[in-house]
Amino acid sequence: MADKNYQKDSEIPREKETKRDTLTTRQGRPVTDNQNLRTIGDRGPATMENYHFLEKISHFDREEVPERVVHARGTGAFGYFETYGKVGDEPVEKYTRAKVFSGAGKKTPLMVRFSTVAGSKDSPETERDPRGFAVKMYTEDGNWDLVGNNLKIFFIRDAMKFPDMIHAFKADPVSNVPDPTRMFDFVSRSPEATHMITFLFSPWGIPATYRHMQGSGVNTYKWVNDEGEAVLVKYHWEPKQGIRNLTQEDAGYIQAKNVAHATQDLYASIERGDYPEWELYVQIMEDGYHEELDFDPLDDTKLWPEDKFPWLPVGRMVLDENPTDFHAQIEQASFGTGVLVDGMDFSDDKMLIGRTFSYSDTQRYRVGANYLQVPVNAPKNKVRTNQHRGQLDHRNPEEGSGDPSINYEPSMIGGLEEAEEKSPQHQPTYNAAAMTKPIDRPNNYGQAGETYRNLADWEREELIKNLSNVLSQCDERIQEAMVYHFSQADEEYGRLVKEGIAKKTEEMEDMQEEEMPGREAGEQSRYGKGTANQQKASEEAVDKGNESEPY
């Protein structure tokens, strides 16, 4: 058969090949020429009935889905969760009837997506940014999504502030240039973020790889047992490979060579059989106000102290399979904090409630109304639902009832019916007025100070250096506010940052850096210019460029 890749069969001899499947159109018709348009003569105009080309190019034009607003850059893998059947030394059934945790040694298939938060889909994986840590378990009772980050706390405690926070952390909307002044402008007016900023600008803000970072559910959930009794829980993933973090200098060195180093590391480790593992721990607390604590246990800017609420092992996760199609299995993977199974429930964590709507709604926008029919998102157990139709509805007819005409419930004559309730539901009771108010125990600085003092010496030095370098670019009002927040957390912390800003500013003046953004409080905003290093790099690109003659 003539090969349309070559004008003459004899020009380049084809090597002897193994038998291959025949290329077809998406409708199944064999394709006899995938190299040439249909034209009038070999160099004449193309005809309108180039159906194979039109189908091919129009699909190509649409083959990307919108990237995530947050967590756009990421990768993932598949594996399993093996339960210990216990929580610490106690039977897990004491606290939850979720079957995924019962039966020691039982394995549940899963997939994981790791990510960065603020960057775009092709941003460097060395950026200082929280890392997403999202796990989808295909349990016998349906899917369970545990969607969190590597760091165990967050910047804010109320979902009302989330869109503004992300806007501030993204690039300037006018110039599209990243500018840390925007982040610190927001954070300076959000003192609850002091704890998270302390973690983020320490080496913990740049994990070395996805394999060497912790994971956390961040928010507070509930476990419910057979009696309908509930406790509050926090989830923690601990890497058995150990924890490794990067300094800013080391991250810059790696970024110069590979902007996808963490993706490559995860894929390569699984390919060579070095399967990464994490142990899952939970902290358990009775639901209630807990007057003995100086913070609200539902506040996601806080850590639960381990001496009062110990980490209890419940199982382990192993990743032993790489994706075979990144777009289908990773880019279209869709998670939601509301995806729970029987034996789990929501707490009144204000961030959790906001995320529960936002995450799933994002997937309906990105992937479509039927995103749960994509294989990577579909549960392994049988689905029976009257929710159907919409774009790309390709559900199996068996997912309906015995009578396809009855696509509603309840019915006297057929269709689906509700499941029998085998265990009582958890029924929390409330007696309070509806209001829009902050919590009454914010304690914005206590744990931030503890975290600062608990850092190793080199981690504290890196934290002060990173904050000083970035804040030296900011408006004086922002500098003063951030130094105040750090000083409230720890006197030394604030003092060293203030001294670091002054030293860095003096260095930049000595280097005769002109028009540094936000030097004086009264100056007009210079958002969009980026940091001094960014400005210098853009200027050097011109200076270092070699002239060439046109051709």
# chains A, B, ... in the order shown; residues from 1 in each chain; ligands from 1
call {"tool": "residues_around", "arguments": {"residues": "segment 427-435 of chain A", "least_positions_apart": "6", "cutoff": "9 Å", "atoms": "only C-alpha atoms", "output": "ChimeraX atom specification"}}
result
/A:228-230
call {"tool": "write_last_selection", "arguments": {"atoms": "N, CA, C and O atoms", "output": "short mmCIF file (atom, residue, chain, number, x, y, z; two decimals), in the first residue's frame"}}
result
data_model
loop_
_atom_site.label_atom_id
_atom_site.label_comp_id
_atom_site.auth_asym_id
_atom_site.auth_seq_id
_atom_site.Cartn_x
_atom_site.Cartn_y
_atom_site.Cartn_z
N GLY A 228 -25.45 6.70 65.41
CA GLY A 228 -25.68 8.08 64.98
C GLY A 228 -24.89 9.08 65.79
O GLY A 228 -25.10 10.29 65.65
N GLU A 229 -23.96 8.60 66.63
CA GLU A 229 -23.13 9.49 67.43
C GLU A 229 -21.96 9.97 66.58
O GLU A 229 -21.39 9.21 65.79
N ALA A 230 -21.59 11.23 66.76
CA ALA A 230 -20.56 11.82 65.91
C ALA A 230 -19.42 12.41 66.73
O ALA A 230 -19.61 12.86 67.87
#
call {"tool": "select_by_dssp", "arguments": {"residues": "segment 23-167 of chain A", "states": "strand (DSSP E or B)", "output": "PyMOL selection string"}}
result
chain A and resi 24+30+39+46+74-83+86-87+90-91+107-116+131-139+142-149
call {"tool": "residues_around", "arguments": {"residues": "Asn444 of chain A", "least_positions_apart": "2", "cutoff": "9 Å", "atoms": "only C-alpha atoms", "output": "number ranges by chain"}}
result
A: 191-195, 295, 301-302, 441-442, 446-448, 485, 488-489
call {"tool": "atom_distance", "arguments": {"atom1": "atom CA of Gln534 of chain A", "atom2": "atom CA of Asn546 of chain A"}}
result
20.5 Å
call {"tool": "residues_around", "arguments": {"residues": "segment 38-40 of chain A", "least_positions_apart": "5", "cutoff": "10 Å", "atoms": "only C-alpha atoms", "output": "PyMOL selection string"}}
result
chain A and resi 33+45-53
call {"tool": "write_last_selection", "arguments": {"atoms": "N, CA and C atoms", "output": "PDB file, in the first residue's frame"}}
result
ATOM      1  N   ASP A  33      -6.314   8.082   3.793  1.00  0.00           N
ATOM      2  CA  ASP A  33      -5.328   9.146   3.596  1.00  0.00           C
ATOM      3  C   ASP A  33      -5.455  10.139   4.752  1.00  0.00           C
ATOM      4  N   PRO A  45      -7.535  24.593  -5.013  1.00  0.00           N
ATOM      5  CA  PRO A  45      -8.290  24.924  -3.799  1.00  0.00           C
ATOM      6  C   PRO A  45      -8.877  23.670  -3.156  1.00  0.00           C
ATOM      7  N   ALA A  46      -9.009  23.751  -1.803  1.00  0.00           N
ATOM      8  CA  ALA A  46      -9.607  22.638  -1.063  1.00  0.00           C
ATOM      9  C   ALA A  46     -11.111  22.670  -1.217  1.00  0.00           C
ATOM     10  N   THR A  47     -11.707  21.492  -1.213  1.00  0.00           N
ATOM     11  CA  THR A  47     -13.159  21.394  -1.385  1.00  0.00           C
ATOM     12  C   THR A  47     -13.855  21.452  -0.020  1.00  0.00           C
ATOM     13  N   MET A  48     -15.109  21.820  -0.040  1.00  0.00           N
ATOM     14  CA  MET A  48     -15.863  21.957   1.201  1.00  0.00           C
ATOM     15  C   MET A  48     -16.124  20.604   1.852  1.00  0.00           C
ATOM     16  N   GLU A  49     -16.195  19.550   1.064  1.00  0.00           N
ATOM     17  CA  GLU A  49     -16.553  18.261   1.631  1.00  0.00           C
ATOM     18  C   GLU A  49     -15.341  17.496   2.170  1.00  0.00           C
ATOM     19  N   ASN A  50     -14.347  18.225   2.704  1.00  0.00           N
ATOM     20  CA  ASN A  50     -13.205  17.592   3.367  1.00  0.00           C
ATOM     21  C   ASN A  50     -13.634  17.104   4.750  1.00  0.00           C
ATOM     22  N   TYR A  51     -14.518  16.126   4.789  1.00  0.00           N
ATOM     23  CA  TYR A  51     -15.175  15.778   6.052  1.00  0.00           C
ATOM     24  C   TYR A  51     -14.185  15.249   7.088  1.00  0.00           C
ATOM     25  N   HIS A  52     -13.281  14.382   6.670  1.00  0.00           N
ATOM     26  CA  HIS A  52     -12.316  13.836   7.629  1.00  0.00           C
ATOM     27  C   HIS A  52     -11.457  14.957   8.224  1.00  0.00           C
ATOM     28  N   PHE A  53     -11.000  15.888   7.385  1.00  0.00           N
ATOM     29  CA  PHE A  53     -10.208  16.997   7.889  1.00  0.00           C
ATOM     30  C   PHE A  53     -11.032  17.885   8.815  1.00  0.00           C
TER      31      PHE A  53
END
call {"tool": "select_by_dssp", "arguments": {"residues": "segment 281-384 of chain A", "states": "helix (DSSP H, G or I)", "output": "ChimeraX atom specification"}}
result
/A:326-331,350-366,371-373
call {"tool": "write_last_selection", "arguments": {"atoms": "N, CA and C atoms", "output": "short mmCIF file (atom, residue, chain, number, x, y, z; two decimals), in the first residue's frame"}}
result
data_model
loop_
_atom_site.label_atom_id
_atom_site.label_comp_id
_atom_site.auth_asym_id
_atom_site.auth_seq_id
_atom_site.Cartn_x
_atom_site.Cartn_y
_atom_site.Cartn_z
N PHE A 326 -3.05 11.32 30.35
CA PHE A 326 -3.03 12.40 31.34
C PHE A 326 -4.30 13.22 31.31
N HIS A 327 -4.77 13.58 30.13
CA HIS A 327 -5.96 14.42 30.04
C HIS A 327 -7.19 13.70 30.60
N ALA A 328 -7.40 12.47 30.15
CA ALA A 328 -8.61 11.75 30.56
C ALA A 328 -8.61 11.41 32.04
N GLN A 329 -7.44 11.05 32.57
CA GLN A 329 -7.39 10.51 33.93
C GLN A 329 -6.96 11.52 34.99
N ILE A 330 -6.23 12.55 34.61
CA ILE A 330 -5.74 13.51 35.59
C ILE A 330 -6.37 14.89 35.39
N GLU A 331 -6.30 15.40 34.16
CA GLU A 331 -6.85 16.73 33.91
C GLU A 331 -8.37 16.75 34.12
N LYS A 350 -16.70 26.83 58.53
CA LYS A 350 -17.22 27.76 57.52
C LYS A 350 -16.52 27.62 56.17
N MET A 351 -15.25 27.27 56.18
CA MET A 351 -14.56 27.07 54.91
C MET A 351 -15.01 25.79 54.24
N LEU A 352 -15.27 24.75 55.01
CA LEU A 352 -15.72 23.48 54.45
C LEU A 352 -17.05 23.65 53.74
N ILE A 353 -17.97 24.38 54.36
CA ILE A 353 -19.29 24.57 53.75
C ILE A 353 -19.17 25.30 52.42
N GLY A 354 -18.32 26.32 52.36
CA GLY A 354 -18.13 27.05 51.11
C GLY A 354 -17.47 26.20 50.04
N ARG A 355 -16.47 25.42 50.43
CA ARG A 355 -15.78 24.56 49.47
C ARG A 355 -16.71 23.49 48.91
N THR A 356 -17.64 23.02 49.73
CA THR A 356 -18.51 21.91 49.32
C THR A 356 -19.36 22.29 48.11
N PHE A 357 -19.80 23.53 48.02
CA PHE A 357 -20.50 23.95 46.80
C PHE A 357 -19.51 24.25 45.68
N SER A 358 -18.46 25.00 46.01
CA SER A 358 -17.58 25.55 44.98
C SER A 358 -16.85 24.46 44.19
N TYR A 359 -16.34 23.44 44.88
CA TYR A 359 -15.53 22.44 44.18
C TYR A 359 -16.33 21.69 43.12
N SER A 360 -17.47 21.18 43.48
CA SER A 360 -18.27 20.42 42.51
C SER A 360 -18.82 21.32 41.43
N ASP A 361 -19.16 22.56 41.77
CA ASP A 361 -19.66 23.48 40.77
C ASP A 361 -18.57 23.82 39.75
N THR A 362 -17.33 23.89 40.20
CA THR A 362 -16.21 24.11 39.29
C THR A 362 -16.14 22.99 38.25
N GLN A 363 -16.34 21.75 38.67
CA GLN A 363 -16.25 20.63 37.73
C GLN A 363 -17.42 20.62 36.74
N ARG A 364 -18.58 21.06 37.19
CA ARG A 364 -19.71 21.16 36.25
C ARG A 364 -19.41 22.17 35.15
N TYR A 365 -18.68 23.24 35.52
CA TYR A 365 -18.29 24.24 34.53
C TYR A 365 -17.16 23.73 33.65
N ARG A 366 -16.13 23.15 34.26
CA ARG A 366 -14.94 22.75 33.51
C ARG A 366 -15.21 21.57 32.58
N TYR A 371 -19.88 15.31 34.33
CA TYR A 371 -18.48 15.01 34.64
C TYR A 371 -18.34 13.73 35.45
N LEU A 372 -19.38 13.32 36.15
CA LEU A 372 -19.31 12.10 36.94
C LEU A 372 -19.43 10.84 36.10
N GLN A 373 -19.71 10.98 34.80
CA GLN A 373 -19.71 9.83 33.92
C GLN A 373 -18.34 9.58 33.30
#
call {"tool": "residues_around", "arguments": {"residues": "Asp296 of chain A", "least_positions_apart": "3", "cutoff": "9 Å", "atoms": "only C-alpha atoms", "output": "PDB file with N, CA and C atoms, in the first residue's frame"}}
result
ATOM      1  N   TYR A 289     -18.035  23.153  71.989  1.00  0.00           N
ATOM      2  CA  TYR A 289     -17.374  24.454  72.053  1.00  0.00           C
ATOM      3  C   TYR A 289     -15.942  24.348  72.552  1.00  0.00           C
ATOM      4  N   HIS A 290     -15.663  23.451  73.480  1.00  0.00           N
ATOM      5  CA  HIS A 290     -14.336  23.218  74.054  1.00  0.00           C
ATOM      6  C   HIS A 290     -13.754  24.496  74.668  1.00  0.00           C
ATOM      7  N   GLU A 291     -14.312  24.847  75.808  1.00  0.00           N
ATOM      8  CA  GLU A 291     -13.871  26.055  76.501  1.00  0.00           C
ATOM      9  C   GLU A 291     -12.415  25.980  76.951  1.00  0.00           C
ATOM     10  N   LEU A 293      -9.930  25.241  75.232  1.00  0.00           N
ATOM     11  CA  LEU A 293      -9.045  25.670  74.154  1.00  0.00           C
ATOM     12  C   LEU A 293      -9.113  27.184  73.988  1.00  0.00           C
ATOM     13  N   ASP A 299     -11.875  26.232  63.402  1.00  0.00           N
ATOM     14  CA  ASP A 299     -11.099  27.259  62.716  1.00  0.00           C
ATOM     15  C   ASP A 299      -9.964  26.603  61.933  1.00  0.00           C
ATOM     16  N   ASP A 300     -10.005  26.700  60.604  1.00  0.00           N
ATOM     17  CA  ASP A 300      -8.996  25.995  59.800  1.00  0.00           C
ATOM     18  C   ASP A 300      -7.665  26.735  59.715  1.00  0.00           C
ATOM     19  N   LYS A 302      -5.976  26.946  62.405  1.00  0.00           N
ATOM     20  CA  LYS A 302      -5.377  26.413  63.630  1.00  0.00           C
ATOM     21  C   LYS A 302      -5.049  24.927  63.503  1.00  0.00           C
ATOM     22  N   ILE A 439     -16.068  34.413  64.313  1.00  0.00           N
ATOM     23  CA  ILE A 439     -16.055  33.573  65.505  1.00  0.00           C
ATOM     24  C   ILE A 439     -15.539  34.377  66.695  1.00  0.00           C
ATOM     25  N   ASP A 440     -15.846  33.908  67.912  1.00  0.00           N
ATOM     26  CA  ASP A 440     -15.509  34.697  69.102  1.00  0.00           C
ATOM     27  C   ASP A 440     -14.144  34.361  69.688  1.00  0.00           C
ATOM     28  N   ARG A 441     -13.409  33.393  69.128  1.00  0.00           N
ATOM     29  CA  ARG A 441     -12.056  33.075  69.612  1.00  0.00           C
ATOM     30  C   ARG A 441     -11.080  33.046  68.436  1.00  0.00           C
ATOM     31  N   PRO A 442     -10.809  34.201  67.831  1.00  0.00           N
ATOM     32  CA  PRO A 442      -9.949  34.190  66.637  1.00  0.00           C
ATOM     33  C   PRO A 442      -8.508  33.828  66.950  1.00  0.00           C
ATOM     34  N   ASN A 443      -7.946  34.344  68.061  1.00  0.00           N
ATOM     35  CA  ASN A 443      -6.558  34.069  68.453  1.00  0.00           C
ATOM     36  C   ASN A 443      -5.654  33.987  67.227  1.00  0.00           C
TER      37      ASN A 443
END
call {"tool": "atom_distance", "arguments": {"atom1": "atom CA of Lys465 of chain A", "atom2": "atom CA of Gly500 of chain A"}}
result
6.8 Å
call {"tool": "closest_residue", "arguments": {"among": "A:Met137, A:Ile166, A:Leu280, A:Val341", "to": "Arg316 of chain A", "atoms": "only C-alpha atoms"}}
result
A:Leu280
call {"tool": "atom_distance", "arguments": {"atom1": "atom CA of Phe155 of chain A", "atom2": "atom CA of Asp490 of chain A"}}
result
18.5 Å
call {"tool": "closest_atom_pairs", "arguments": {"of": "segment 357-470 of chain A", "to": "segment 89-112 of chain A", "cutoff": "10 Å", "atoms": "only C-alpha atoms", "output": "Markdown table"}}
result
| residue | atom | partner | partner_atom | distance |
| --- | --- | --- | --- | --- |
| A:Val376 | CA | A:Met111 | CA | 8.3 |
| A:Asn377 | CA | A:Met111 | CA | 9.6 |
| A:Lys380 | CA | A:Pro109 | CA | 9.1 |
| A:Ser423 | CA | A:Arg97 | CA | 9.0 |
call {"tool": "closest_residue", "arguments": {"among": "A:Lys234, A:Trp223, A:Glu409, A:Ala369", "to": "Thr385 of chain A", "atoms": "only C-alpha atoms"}}
result
A:Glu409
call {"tool": "closest_residue", "arguments": {"among": "A:Pro203, A:Pro30, A:Gly148, A:Gly88", "to": "Pro313 of chain A", "atoms": "only C-alpha atoms"}}
result
A:Gly88
